[in-house]
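Heads up, model.txt below (compact mmCIF, C-alpha atoms):
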```
# COMPACT_ATOMS: atom_id res chain seq x y z
CA MET P 1 8.98 24.22 18.78
CA SER P 2 6.93 21.07 18.36
CA GLU P 3 8.26 17.73 19.55
CA ARG P 4 10.59 16.04 17.07
CA LYS P 5 8.99 13.04 15.45
CA THR P 6 11.07 9.92 14.83
CA ILE P 7 10.43 7.63 11.89
CA ASP P 8 12.07 4.29 12.56
CA ALA P 9 12.71 2.83 9.10
CA ARG P 10 15.37 0.36 10.16
CA GLY P 11 14.77 -2.98 8.49
CA SER P 12 12.56 -1.40 5.84
CA PHE P 13 13.50 -2.79 2.45
CA CYS P 14 10.33 -1.40 0.89
CA PRO P 15 9.33 1.40 0.74
CA GLY P 16 12.58 2.28 2.49
CA PRO P 17 13.78 5.17 4.64
CA LEU P 18 13.68 7.97 2.06
CA MET P 19 10.17 7.10 0.88
CA GLU P 20 9.08 7.01 4.53
CA LEU P 21 10.65 10.42 5.08
CA ILE P 22 8.93 11.90 2.01
CA ALA P 23 5.59 10.60 3.29
CA GLY P 24 6.39 11.90 6.79
CA ILE P 25 7.36 15.36 5.58
CA LYS P 26 4.08 15.68 3.72
CA LEU P 27 2.28 15.21 7.06
CA ALA P 28 4.59 17.48 9.07
CA GLU P 29 4.08 21.15 9.83
CA VAL P 30 6.48 23.78 8.48
CA GLY P 31 9.19 24.25 11.10
CA GLU P 32 8.83 20.71 12.44
CA GLU P 33 11.91 18.51 12.76
CA LEU P 34 11.89 14.86 11.78
CA GLU P 35 14.42 12.22 12.69
CA ILE P 36 14.68 9.24 10.37
CA LEU P 37 16.45 6.08 11.49
CA SER P 38 17.92 4.06 8.65
CA GLY P 39 19.82 0.80 8.65
CA ASP P 40 21.38 1.25 5.22
CA ARG P 41 24.22 3.45 4.12
CA GLY P 42 22.59 4.27 0.77
CA SER P 43 19.69 6.05 2.46
CA ALA P 44 22.10 7.92 4.74
CA GLU P 45 23.57 9.40 1.56
CA ASP P 46 20.33 9.77 -0.44
CA ILE P 47 18.37 11.58 2.26
CA PRO P 48 20.68 14.63 2.56
CA ALA P 49 20.88 14.72 -1.27
CA TRP P 50 17.09 14.81 -1.54
CA ILE P 51 16.77 17.42 1.20
CA ALA P 52 19.20 19.65 -0.71
CA LYS P 53 17.23 19.25 -3.95
CA VAL P 54 13.88 20.08 -2.36
CA GLY P 55 15.13 22.86 -0.13
CA HIS P 56 14.29 21.63 3.36
CA GLU P 57 16.93 22.08 6.05
CA TYR P 58 19.36 19.27 6.68
CA ILE P 59 20.38 19.33 10.34
CA LYS P 60 22.76 16.40 10.86
CA THR P 61 23.53 12.72 10.47
CA ASP P 62 24.82 10.55 13.32
CA LYS P 63 26.08 7.00 12.95
CA ILE P 64 24.88 5.06 16.00
CA ASP P 65 25.96 1.41 16.27
CA ASP P 66 24.68 -0.21 13.07
CA TYR P 67 22.26 2.49 11.94
CA TRP P 68 22.09 6.15 11.01
CA SER P 69 20.03 8.95 12.52
CA ILE P 70 19.29 11.78 10.10
CA ILE P 71 17.56 14.95 11.24
CA VAL P 72 15.68 17.21 8.87
CA LYS P 73 13.61 20.35 9.33
CA LYS P 74 10.63 21.06 7.09
CA THR P 75 11.01 24.60 5.82
CA LYS P 76 8.17 25.06 3.32
CA MET D 1 -18.75 -14.20 28.97
CA SER D 2 -18.74 -13.80 25.19
CA LYS D 3 -15.63 -12.20 23.66
CA LYS D 4 -16.61 -9.48 21.21
CA ILE D 5 -14.37 -9.14 18.17
CA LEU D 6 -15.00 -6.04 16.10
CA VAL D 7 -13.40 -5.79 12.65
CA VAL D 8 -13.34 -2.21 11.39
CA GLY D 9 -12.92 -2.41 7.63
CA GLY D 10 -14.25 -4.88 5.07
CA GLY D 11 -11.43 -4.85 2.55
CA LEU D 12 -8.90 -7.58 1.95
CA ALA D 13 -7.34 -7.50 5.43
CA GLY D 14 -10.57 -7.27 7.38
CA THR D 15 -12.29 -9.94 5.33
CA ILE D 16 -9.44 -12.45 5.52
CA VAL D 17 -8.98 -11.95 9.25
CA ALA D 18 -12.69 -12.28 10.03
CA ASN D 19 -13.19 -15.38 7.89
CA GLY D 20 -9.94 -16.87 9.14
CA LEU D 21 -11.00 -16.37 12.74
CA CYS D 22 -14.26 -18.20 12.04
CA ARG D 23 -12.25 -21.23 10.95
CA HIS D 24 -10.19 -21.17 14.14
CA ILE D 25 -12.75 -20.29 16.79
CA GLY D 26 -15.76 -21.97 15.20
CA LYS D 27 -16.59 -23.80 18.42
CA GLU D 28 -16.60 -20.58 20.46
CA LEU D 29 -18.74 -18.84 17.84
CA ARG D 30 -21.24 -21.71 17.85
CA ASN D 31 -21.55 -21.88 21.62
CA GLY D 32 -21.77 -18.10 22.06
CA LYS D 33 -18.40 -17.64 23.75
CA ALA D 34 -17.24 -15.35 20.94
CA GLN D 35 -18.89 -13.12 18.37
CA ILE D 36 -17.56 -11.27 15.33
CA THR D 37 -18.95 -8.05 13.90
CA MET D 38 -17.59 -6.25 10.86
CA LEU D 39 -18.08 -2.63 9.82
CA GLY D 40 -17.56 -1.99 6.12
CA THR D 41 -18.26 0.62 3.49
CA SER D 42 -19.92 -1.41 0.74
CA GLU D 43 -22.07 -4.41 -0.15
CA GLN D 44 -19.43 -5.22 -2.77
CA HIS D 45 -15.91 -6.50 -2.17
CA LEU D 46 -13.37 -5.17 -4.67
CA TYR D 47 -10.27 -7.16 -5.59
CA GLN D 48 -8.00 -4.16 -6.05
CA PRO D 49 -5.01 -5.87 -7.74
CA ALA D 50 -7.22 -6.62 -10.76
CA LEU D 51 -7.55 -2.88 -11.41
CA LEU D 52 -4.11 -3.03 -13.03
CA PHE D 53 -5.62 -5.04 -15.88
CA VAL D 54 -8.67 -2.82 -16.47
CA PRO D 55 -6.93 -0.13 -18.61
CA PHE D 56 -5.90 -2.82 -21.07
CA GLY D 57 -9.35 -4.40 -21.26
CA LEU D 58 -8.12 -7.51 -19.45
CA ALA D 59 -10.37 -7.42 -16.40
CA GLY D 60 -14.09 -6.82 -15.96
CA GLU D 61 -16.66 -6.81 -13.17
CA GLU D 62 -16.52 -10.60 -12.75
CA ASP D 63 -12.80 -10.33 -11.94
CA LEU D 64 -13.23 -7.36 -9.64
CA PHE D 65 -16.29 -7.85 -7.46
CA ARG D 66 -18.04 -10.30 -5.18
CA ASN D 67 -20.95 -9.73 -2.83
CA GLN D 68 -19.38 -9.01 0.55
CA ARG D 69 -22.06 -10.78 2.59
CA LYS D 70 -21.66 -13.94 0.51
CA LEU D 71 -17.89 -13.85 1.03
CA LEU D 72 -18.27 -13.69 4.80
CA ASN D 73 -18.74 -16.67 7.08
CA ARG D 74 -22.31 -16.87 8.39
CA TYR D 75 -21.13 -16.23 11.95
CA ILE D 76 -19.98 -12.71 11.02
CA THR D 77 -22.48 -9.91 11.52
CA TYR D 78 -21.83 -7.39 8.76
CA HIS D 79 -22.92 -3.76 8.75
CA VAL D 80 -22.42 -1.33 5.87
CA ASP D 81 -21.83 1.41 8.38
CA PRO D 82 -18.25 2.68 8.65
CA ALA D 83 -16.69 3.56 11.99
CA LYS D 84 -16.78 7.27 12.74
CA HIS D 85 -14.99 7.30 16.07
CA ILE D 86 -13.08 4.78 18.16
CA ASP D 87 -13.01 5.32 21.92
CA ALA D 88 -10.01 3.15 22.72
CA GLU D 89 -10.09 3.91 26.45
CA ASN D 90 -13.64 2.62 26.84
CA LYS D 91 -13.45 0.07 23.99
CA LYS D 92 -16.38 1.50 22.07
CA VAL D 93 -16.87 2.34 18.39
CA THR D 94 -19.42 4.82 17.10
CA THR D 95 -20.53 4.30 13.51
CA GLU D 96 -21.59 6.80 10.86
CA SER D 97 -25.24 5.92 11.53
CA GLY D 98 -24.84 6.42 15.28
CA LYS D 99 -24.63 2.81 16.47
CA VAL D 100 -22.33 2.28 19.44
CA LEU D 101 -20.57 -1.08 19.55
CA ASP D 102 -18.30 -2.28 22.30
CA TYR D 103 -15.49 -4.77 21.88
CA ASP D 104 -12.92 -6.91 23.61
CA TYR D 105 -10.65 -7.08 20.55
CA LEU D 106 -10.73 -4.51 17.80
CA ILE D 107 -9.08 -5.20 14.45
CA LEU D 108 -8.42 -1.94 12.68
CA ALA D 109 -8.29 -2.50 8.91
CA THR D 110 -9.62 0.70 7.40
CA GLY D 111 -7.04 0.70 4.59
CA SER D 112 -5.83 3.53 2.41
CA ARG D 113 -7.18 5.74 -0.35
CA ILE D 114 -5.77 7.75 -3.21
CA MET D 115 -5.45 11.51 -2.75
CA PRO D 116 -4.80 13.06 -6.19
CA GLN D 117 -6.56 16.19 -4.92
CA THR D 118 -3.60 16.97 -2.67
CA ILE D 119 -1.51 17.91 -5.72
CA PRO D 120 -2.89 20.99 -7.53
CA GLY D 121 -4.06 20.12 -11.05
CA MET D 122 -3.58 16.38 -10.62
CA GLU D 123 -7.27 15.43 -10.59
CA GLU D 124 -7.93 17.39 -13.78
CA GLY D 125 -4.73 16.55 -15.61
CA ALA D 126 -3.89 12.95 -14.77
CA LEU D 127 -5.14 9.42 -15.27
CA TRP D 128 -4.78 6.60 -12.76
CA PHE D 129 -5.85 3.01 -12.29
CA TYR D 130 -6.02 2.77 -8.49
CA ASP D 131 -9.82 2.96 -8.47
CA LEU D 132 -12.38 1.59 -10.90
CA ASP D 133 -13.56 4.91 -12.24
CA GLY D 134 -9.98 5.98 -12.86
CA ALA D 135 -9.01 2.67 -14.45
CA ARG D 136 -11.96 2.90 -16.86
CA LYS D 137 -11.07 6.50 -17.80
CA MET D 138 -7.52 5.35 -18.43
CA ARG D 139 -8.79 2.53 -20.66
CA THR D 140 -10.81 5.03 -22.73
CA ALA D 141 -7.82 7.36 -23.01
CA LEU D 142 -5.50 4.54 -24.06
CA GLN D 143 -7.93 3.36 -26.71
CA ALA D 144 -7.94 6.88 -28.21
CA PHE D 145 -4.16 7.32 -27.90
CA LYS D 146 -2.33 7.77 -31.19
CA GLY D 147 1.18 8.44 -29.92
CA GLY D 148 3.03 11.15 -27.99
CA LYS D 149 4.67 11.65 -24.63
CA ILE D 150 3.43 9.53 -21.74
CA ILE D 151 4.60 10.22 -18.21
CA ILE D 152 4.13 7.61 -15.51
CA ASN D 153 4.46 9.57 -12.29
CA VAL D 154 4.84 7.81 -8.94
CA ASN D 155 4.13 9.59 -5.65
CA ALA D 156 4.74 8.77 -2.01
CA PRO D 157 3.25 7.13 -0.12
CA HIS D 158 1.48 4.61 -2.32
CA LYS D 159 0.23 1.09 -1.99
CA CYS D 160 1.28 -1.88 -4.10
CA PRO D 161 4.86 -0.73 -4.72
CA VAL D 162 5.36 -2.95 -7.77
CA ALA D 163 2.26 -1.67 -9.60
CA PRO D 164 4.06 1.39 -11.05
CA LEU D 165 6.60 -0.86 -12.72
CA GLU D 166 3.94 -3.30 -13.84
CA ILE D 167 1.85 -0.60 -15.51
CA THR D 168 4.98 0.74 -17.22
CA PHE D 169 6.05 -2.58 -18.73
CA MET D 170 2.48 -3.62 -19.56
CA LEU D 171 1.91 -0.26 -21.24
CA TYR D 172 5.07 -0.76 -23.28
CA ASP D 173 3.83 -4.16 -24.47
CA TYR D 174 0.34 -2.80 -25.13
CA LEU D 175 1.65 0.06 -27.27
CA THR D 176 4.05 -2.27 -29.08
CA LYS D 177 1.21 -4.63 -29.99
CA ARG D 178 -0.84 -1.66 -31.22
CA GLY D 179 2.07 -0.47 -33.39
CA LEU D 180 2.33 2.81 -31.47
CA ILE D 181 5.55 2.38 -29.53
CA ASP D 182 7.68 4.08 -32.22
CA LYS D 183 5.44 7.16 -31.96
CA THR D 184 5.53 7.17 -28.17
CA GLU D 185 8.02 8.35 -25.56
CA ILE D 186 7.47 6.89 -22.09
CA THR D 187 9.03 8.61 -19.08
CA TYR D 188 8.83 7.03 -15.63
CA THR D 189 9.30 9.29 -12.60
CA TYR D 190 10.08 8.01 -9.11
CA PRO D 191 10.26 9.78 -5.72
CA ILE D 192 13.66 8.50 -4.58
CA GLY D 193 17.11 8.28 -6.17
CA ARG D 194 16.61 4.97 -7.94
CA LEU D 195 13.85 3.38 -10.01
CA HIS D 196 12.27 1.29 -7.28
CA ALA D 197 12.21 1.25 -3.50
CA LEU D 198 13.57 -2.30 -3.45
CA GLU D 199 17.21 -2.02 -4.45
CA PRO D 200 17.43 -5.41 -6.24
CA VAL D 201 14.28 -4.55 -8.19
CA ALA D 202 15.75 -1.16 -9.09
CA HIS D 203 18.91 -2.89 -10.34
CA TRP D 204 16.82 -5.28 -12.41
CA CYS D 205 14.46 -2.75 -13.96
CA LYS D 206 17.00 -0.09 -15.00
CA PRO D 207 18.54 -2.14 -17.84
CA GLU D 208 15.05 -3.34 -18.77
CA MET D 209 13.93 0.27 -19.20
CA ASP D 210 17.13 1.16 -21.07
CA LYS D 211 16.59 -1.76 -23.44
CA LYS D 212 13.03 -0.65 -24.14
CA GLY D 213 13.91 3.04 -24.51
CA ILE D 214 11.83 4.01 -21.48
CA LYS D 215 13.18 7.24 -20.02
CA TYR D 216 13.25 7.96 -16.31
CA GLU D 217 13.57 10.77 -13.85
CA THR D 218 14.46 10.00 -10.22
CA PHE D 219 14.08 12.26 -7.17
CA PHE D 220 10.79 13.44 -8.68
CA ASN D 221 7.90 14.19 -6.31
CA ALA D 222 4.98 15.91 -8.01
CA GLU D 223 4.18 19.35 -6.66
CA SER D 224 1.71 20.55 -9.28
CA VAL D 225 0.18 19.73 -12.63
CA ASP D 226 -0.87 22.29 -15.22
CA PRO D 227 -3.60 20.56 -17.24
CA ALA D 228 -3.83 23.44 -19.76
CA LYS D 229 -0.13 23.49 -20.57
CA LYS D 230 0.13 19.73 -20.00
CA THR D 231 3.10 19.95 -17.70
CA ILE D 232 3.98 18.40 -14.37
CA THR D 233 6.41 20.06 -11.96
CA SER D 234 8.23 18.36 -9.12
CA MET D 235 9.16 19.59 -5.64
CA GLU D 236 12.73 19.20 -6.86
CA GLY D 237 12.14 21.89 -9.51
CA ILE D 238 11.89 19.76 -12.66
CA THR D 239 9.08 20.39 -15.18
CA LEU D 240 8.15 17.78 -17.79
CA ASP D 241 5.58 18.09 -20.57
CA TYR D 242 3.22 15.32 -21.49
CA ASP D 243 0.43 14.25 -23.82
CA MET D 244 -0.81 11.65 -21.36
CA LEU D 245 -0.08 11.74 -17.64
CA ILE D 246 -0.56 8.53 -15.69
CA THR D 247 -0.09 8.96 -11.96
CA ILE D 248 0.20 6.73 -8.95
CA PRO D 249 -1.33 9.31 -6.61
CA PRO D 250 -0.17 9.83 -3.04
CA HIS D 251 -2.23 7.88 -0.53
CA SER D 252 -3.55 8.52 2.93
CA GLY D 253 -5.35 6.42 5.49
CA MET D 254 -8.88 7.06 6.73
CA ASP D 255 -10.02 9.99 8.87
CA VAL D 256 -11.33 7.76 11.67
CA VAL D 257 -7.72 7.01 12.67
CA ASP D 258 -6.87 10.69 13.18
CA ASN D 259 -10.27 11.54 14.65
CA SER D 260 -9.79 8.81 17.25
CA ASN D 261 -6.25 9.91 18.10
CA LEU D 262 -4.83 6.58 16.93
CA GLY D 263 -2.36 7.96 14.40
CA LYS D 264 -1.65 10.65 11.82
CA GLY D 265 -2.51 10.74 8.14
CA GLY D 266 -4.81 7.77 8.67
CA TRP D 267 -1.89 5.53 9.62
CA ALA D 268 -2.31 3.99 13.06
CA THR D 269 0.83 3.70 15.18
CA THR D 270 1.55 -0.02 15.24
CA ASP D 271 4.14 -2.29 16.80
CA PRO D 272 5.88 -3.97 13.82
CA LYS D 273 5.96 -7.41 15.44
CA SER D 274 2.90 -7.75 17.65
CA LEU D 275 0.73 -5.66 15.26
CA LEU D 276 -0.87 -4.14 18.33
CA HIS D 277 -1.56 -0.43 18.44
CA THR D 278 1.36 1.12 20.32
CA GLU D 279 -0.91 2.53 23.05
CA HIS D 280 -3.84 0.12 23.16
CA ASP D 281 -3.32 -3.59 23.61
CA SER D 282 -6.87 -4.50 22.64
CA ILE D 283 -6.44 -3.01 19.15
CA PHE D 284 -4.71 -4.93 16.37
CA VAL D 285 -3.83 -2.98 13.24
CA ILE D 286 -3.40 -4.70 9.87
CA GLY D 287 -2.97 -3.96 6.19
CA ASP D 288 -2.46 -0.50 4.78
CA THR D 289 -3.70 1.06 8.03
CA THR D 290 -0.46 0.48 9.95
CA ASN D 291 2.37 3.00 10.06
CA ILE D 292 4.92 0.17 9.88
CA PRO D 293 7.64 1.05 7.33
CA ILE D 294 6.74 -1.85 5.09
CA SER D 295 5.03 -2.26 1.71
CA LYS D 296 1.37 -1.40 1.69
CA ALA D 297 0.26 -4.42 -0.30
CA GLY D 298 -2.33 -7.17 -0.24
CA SER D 299 0.24 -9.81 0.57
CA THR D 300 1.50 -7.80 3.55
CA ALA D 301 -2.04 -7.67 4.86
CA HIS D 302 -2.54 -11.37 4.17
CA PHE D 303 0.55 -12.43 6.13
CA GLU D 304 -0.36 -10.06 8.95
CA THR D 305 -3.81 -11.62 9.22
CA GLU D 306 -2.23 -15.01 9.92
CA VAL D 307 -0.51 -13.55 12.99
CA VAL D 308 -3.60 -11.75 14.25
CA ILE D 309 -5.80 -14.81 13.74
CA ALA D 310 -3.30 -16.97 15.64
CA ASN D 311 -3.00 -14.51 18.52
CA ILE D 312 -6.70 -13.80 19.01
CA THR D 313 -7.42 -17.53 18.77
CA SER D 314 -4.72 -18.30 21.30
CA MET D 315 -5.87 -15.60 23.70
CA ILE D 316 -9.49 -16.77 23.55
CA GLN D 317 -8.71 -20.47 23.81
CA GLU D 318 -5.60 -20.52 26.00
CA GLY D 319 -5.30 -17.05 27.45
CA CYS D 320 -1.83 -16.48 26.01
CA TRP D 321 0.01 -14.91 23.10
CA SER D 322 0.90 -17.05 20.08
CA ARG D 323 3.40 -15.45 17.71
CA TYR D 324 4.86 -12.34 16.08
CA TYR D 325 4.89 -10.95 12.56
CA ASP D 326 8.26 -11.28 10.82
CA GLY D 327 7.62 -8.70 8.10
CA LYS D 328 6.94 -11.26 5.39
CA VAL D 329 5.85 -9.85 2.03
CA PHE D 330 5.43 -11.66 -1.29
CA CYS D 331 4.58 -9.76 -4.45
CA PHE D 332 4.16 -10.90 -8.00
CA VAL D 333 5.67 -8.45 -10.50
CA GLU D 334 4.16 -8.40 -13.99
CA THR D 335 7.08 -7.52 -16.27
CA GLY D 336 4.97 -7.19 -19.40
CA MET D 337 1.83 -8.71 -20.88
CA ASP D 338 3.31 -12.22 -21.03
CA GLU D 339 5.96 -12.54 -18.30
CA GLY D 340 6.31 -12.00 -14.59
CA THR D 341 8.59 -12.48 -11.61
CA TYR D 342 8.17 -12.14 -7.86
CA VAL D 343 9.82 -10.67 -4.77
CA TRP D 344 9.84 -12.22 -1.32
CA PHE D 345 11.33 -10.55 1.76
CA ASP D 346 10.86 -9.93 5.48
CA TYR D 347 12.33 -7.68 8.17
CA GLU D 348 15.65 -9.54 8.09
CA ASN D 349 16.02 -10.83 4.54
CA PRO D 350 16.14 -8.62 1.45
CA PRO D 351 14.38 -9.65 -1.76
CA ASN D 352 16.14 -11.28 -4.64
CA PRO D 353 13.90 -11.27 -7.72
CA GLY D 354 14.50 -14.06 -10.21
CA PRO D 355 14.39 -13.83 -13.99
CA PRO D 356 10.89 -13.17 -15.39
CA SER D 357 9.08 -16.14 -16.87
CA GLN D 358 5.78 -16.90 -18.54
CA MET D 359 5.01 -19.45 -15.82
CA ILE D 360 5.08 -16.85 -13.05
CA HIS D 361 2.87 -14.60 -15.16
CA TRP D 362 0.34 -17.43 -15.40
CA LEU D 363 0.66 -18.04 -11.67
CA LYS D 364 -0.22 -14.39 -11.09
CA LEU D 365 -3.28 -14.68 -13.31
CA THR D 366 -4.23 -17.85 -11.44
CA TYR D 367 -3.88 -16.05 -8.11
CA ASN D 368 -6.24 -13.36 -9.37
CA ARG D 369 -8.91 -16.09 -9.21
CA LEU D 370 -7.57 -17.89 -6.16
CA TYR D 371 -7.85 -14.61 -4.25
CA TRP D 372 -11.51 -15.33 -3.62
CA LEU D 373 -10.42 -18.39 -1.62
CA SER D 374 -7.98 -16.19 0.34
CA ALA D 375 -10.76 -13.76 1.13
CA ARG D 376 -12.83 -16.65 2.49
CA GLY D 377 -9.95 -17.60 4.77
CA LEU D 378 -9.30 -20.85 2.91
CA LEU D 379 -5.91 -20.12 1.32
```
Using the file provided, produce a representation of the structure as structure tokens.
Amino acid sequence: MSERKTIDARGSFCPGPLMELIAGIKLAEVGEELEILSGDRGSAEDIPAWIAKVGHEYIKTDKIDDYWSIIVKKTK
Amino acid sequence: MSKKILVVGGGLAGTIVANGLCRHIGKELRNGKAQITMLGTSEQHLYQPALLFVPFGLAGEEDLFRNQRKLLNRYITYHVDPAKHIDAENKKVTTESGKVLDYDYLILATGSRIMPQTIPGMEEGALWFYDLDGARKMRTALQAFKGGKIIINVNAPHKCPVAPLEITFMLYDYLTKRGLIDKTEITYTYPIGRLHALEPVAHWCKPEMDKKGIKYETFFNAESVDPAKKTITSMEGITLDYDMLITIPPHSGMDVVDNSNLGKGGWATTDPKSLLHTEHDSIFVIGDTTNIPISKAGSTAHFETEVVIANITSMIQEGCWSRYYDGKVFCFVETGMDEGTYVWFDYENPPNPGPPSQMIHWLKLTYNRLYWLSARGLL
């Protein structure tokens, strides 16, 4: 498995964590895992919702101090 | 020994940083202790924000272009010869023509480009205004438009995050003035779960769209376009039909970044505060080229140049670092043909857009002309 890439989108008001993840997934290989770090609760909820809509694999969300780590696997 | 500063990219960021440096290290440039070389792609400098006005017949060549050599300070050596490969270990750049240039400080400002070709059918089926050819085609199409379904489709990543909203509201005004709005249905699609990346802007624009009868579809990332059937389908499984499809295409950076192992997708890995490349402390990265999770916009680039100019100046003159970038971004937002507002934010402080006014609209139009002073490093 390839090394998991982390996108640190903490403090990103624009374009924001989900937009960064969408851009990151477009560049990732199928099977690759991405970790997105987000400082806002809204993104922590939106990202799994978007993953479900598109059909990638949602791995997990961890709340760490004042931010969230969300891990996603590109499946197609 | 002379310090060699090499600016790779002659767009907004590269031009402002090079001209700005000339104003700060003029003495060193005159006495040969520093030299600045720029590698660009064109003899013409394009003011990209004015492209927004082209589809409505509100901007022409005079608003869009200046001769690049005339914009640049006379101490800058300019080559229309883009970088092909950057050897960061040995501090050397090879150009498309085969020149090899060495540097002490490299400023990477290669920018971004639209990639409609990455979505099947998009090039054939859609209009856009993010380059001049596209903006002119869109103007022709709008002039022939008699009513129907218009989709404004936004894709990630893209530069100038307020432009999709601006084109939507300007289009609404344009069609209203032409008496076509009652025969037209506008649908705005956006990649994430709200109408704009900036939450306060999303909160502001939703009731504005509702009031104007503009429809919207969120969580919509284009996967394909069928130009024959005139439909666009999203990764999320939604298909919409259209008579006119206007897209904000996905963007990528330039190949030289990937080819030089400085980043992926053309986005160079960049420290958000120092603006140095994460692995090479002689390379500054500015403008759209960075992978910083921040708006790809002219104002971002402009504020970044101030930091890079200060730091290179300080290192040449005093041998020390000067200051860090705080994530400052300022964007005008045209909310129609006659009104505008603005957003201002940084890494710590979220934006809080005020009510649109005619005065801010006029300020935006004024800035469209003042830009040429910015490019010269004067503003």
**OP:** Can you pull out every residue within 8 Å of D:Pro351, counting only C-alpha atoms, but drop anything in the same chain fewer than 5 positions away, and send it as a ChimeraX atom specification?
**Re:** /D:198,200,343-345
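Rounded to one decimal, atom CA of D:Cys320 and atom CA of D:Ile25 lie 14.8 Å from each other.
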Show me, as an mmCIF file with C-alpha atoms, keeping the file's coordinate frame, every residue of chain D with an atom at most 8 Å from chain P, counting all atoms listed in the file.
```
data_model
loop_
_atom_site.group_PDB
_atom_site.id
_atom_site.type_symbol
_atom_site.label_atom_id
_atom_site.label_comp_id
_atom_site.auth_asym_id
_atom_site.auth_seq_id
_atom_site.Cartn_x
_atom_site.Cartn_y
_atom_site.Cartn_z
ATOM 1 C CA ALA D 156 4.740 8.770 -2.010
ATOM 2 C CA PRO D 157 3.250 7.130 -0.120
ATOM 3 C CA PRO D 161 4.860 -0.730 -4.720
ATOM 4 C CA PRO D 191 10.260 9.780 -5.720
ATOM 5 C CA ILE D 192 13.660 8.500 -4.580
ATOM 6 C CA GLY D 193 17.110 8.280 -6.170
ATOM 7 C CA ALA D 197 12.210 1.250 -3.500
ATOM 8 C CA LEU D 198 13.570 -2.300 -3.450
ATOM 9 C CA GLU D 199 17.210 -2.020 -4.450
ATOM 10 C CA PHE D 219 14.080 12.260 -7.170
ATOM 11 C CA MET D 235 9.160 19.590 -5.640
ATOM 12 C CA GLU D 236 12.730 19.200 -6.860
ATOM 13 C CA GLY D 237 12.140 21.890 -9.510
ATOM 14 C CA LYS D 264 -1.650 10.650 11.820
ATOM 15 C CA GLY D 265 -2.510 10.740 8.140
ATOM 16 C CA PRO D 293 7.640 1.050 7.330
ATOM 17 C CA ILE D 294 6.740 -1.850 5.090
ATOM 18 C CA SER D 295 5.030 -2.260 1.710
ATOM 19 C CA TYR D 347 12.330 -7.680 8.170
ATOM 20 C CA GLU D 348 15.650 -9.540 8.090
ATOM 21 C CA PRO D 350 16.140 -8.620 1.450
#
```
Original post:
Skipping near chain neighbours, those fewer than 3 positions away, what residues fall within 9 Å of stretch 143-148 of chain D using only C-alpha atoms, listed as a ChimeraX atom specification?
Top reply: /D:55-56,138-140,175,180-186,242-244
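For the pair atom CA of D:Thr189 and atom CA of D:Leu142, the separation is 19.3 Å.
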Contacts of D:Asn153 within 7 Å, all atoms listed in the file, excl. fewer than 6 positions in-chain, as a short mmCIF file (atom, residue, chain, number, x, y, z; two decimals) with C-alpha atoms, in the frame of the given file:
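Contents of part_16.cif, as written:
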```cif
data_model
loop_
_atom_site.label_atom_id
_atom_site.label_comp_id
_atom_site.auth_asym_id
_atom_site.auth_seq_id
_atom_site.Cartn_x
_atom_site.Cartn_y
_atom_site.Cartn_z
CA TYR D 188 8.83 7.03 -15.63
CA THR D 189 9.30 9.29 -12.60
CA TYR D 190 10.08 8.01 -9.11
CA ILE D 246 -0.56 8.53 -15.69
CA THR D 247 -0.09 8.96 -11.96
CA ILE D 248 0.20 6.73 -8.95
#
```
Output stretch 66-75 of chain P as a tab-separated table (two decimals), in the frame of the given file, making sure N, CA and C atoms are there.
```tsv
chain	number	residue	atom	x	y	z
P	66	ASP	N	24.79	0.26	14.46
P	66	ASP	CA	24.68	-0.21	13.07
P	66	ASP	C	23.60	0.54	12.27
P	67	TYR	N	23.25	1.72	12.72
P	67	TYR	CA	22.26	2.49	11.94
P	67	TYR	C	22.61	3.97	11.94
P	68	TRP	N	21.88	4.72	11.13
P	68	TRP	CA	22.09	6.15	11.01
P	68	TRP	C	20.86	6.91	11.49
P	69	SER	N	21.10	8.03	12.13
P	69	SER	CA	20.03	8.95	12.52
P	69	SER	C	20.22	10.22	11.71
P	70	ILE	N	19.20	10.58	10.95
P	70	ILE	CA	19.29	11.78	10.10
P	70	ILE	C	18.18	12.74	10.52
P	71	ILE	N	18.55	13.97	10.78
P	71	ILE	CA	17.56	14.95	11.24
P	71	ILE	C	17.35	16.03	10.19
P	72	VAL	N	16.09	16.31	9.95
P	72	VAL	CA	15.68	17.21	8.87
P	72	VAL	C	14.62	18.15	9.41
P	73	LYS	N	14.65	19.40	8.94
P	73	LYS	CA	13.61	20.35	9.33
P	73	LYS	C	12.80	20.74	8.09
P	74	LYS	N	11.49	20.65	8.20
P	74	LYS	CA	10.63	21.06	7.09
P	74	LYS	C	10.59	22.58	7.03
P	75	THR	N	10.91	23.14	5.89
P	75	THR	CA	11.01	24.60	5.82
P	75	THR	C	9.95	25.25	4.91
```
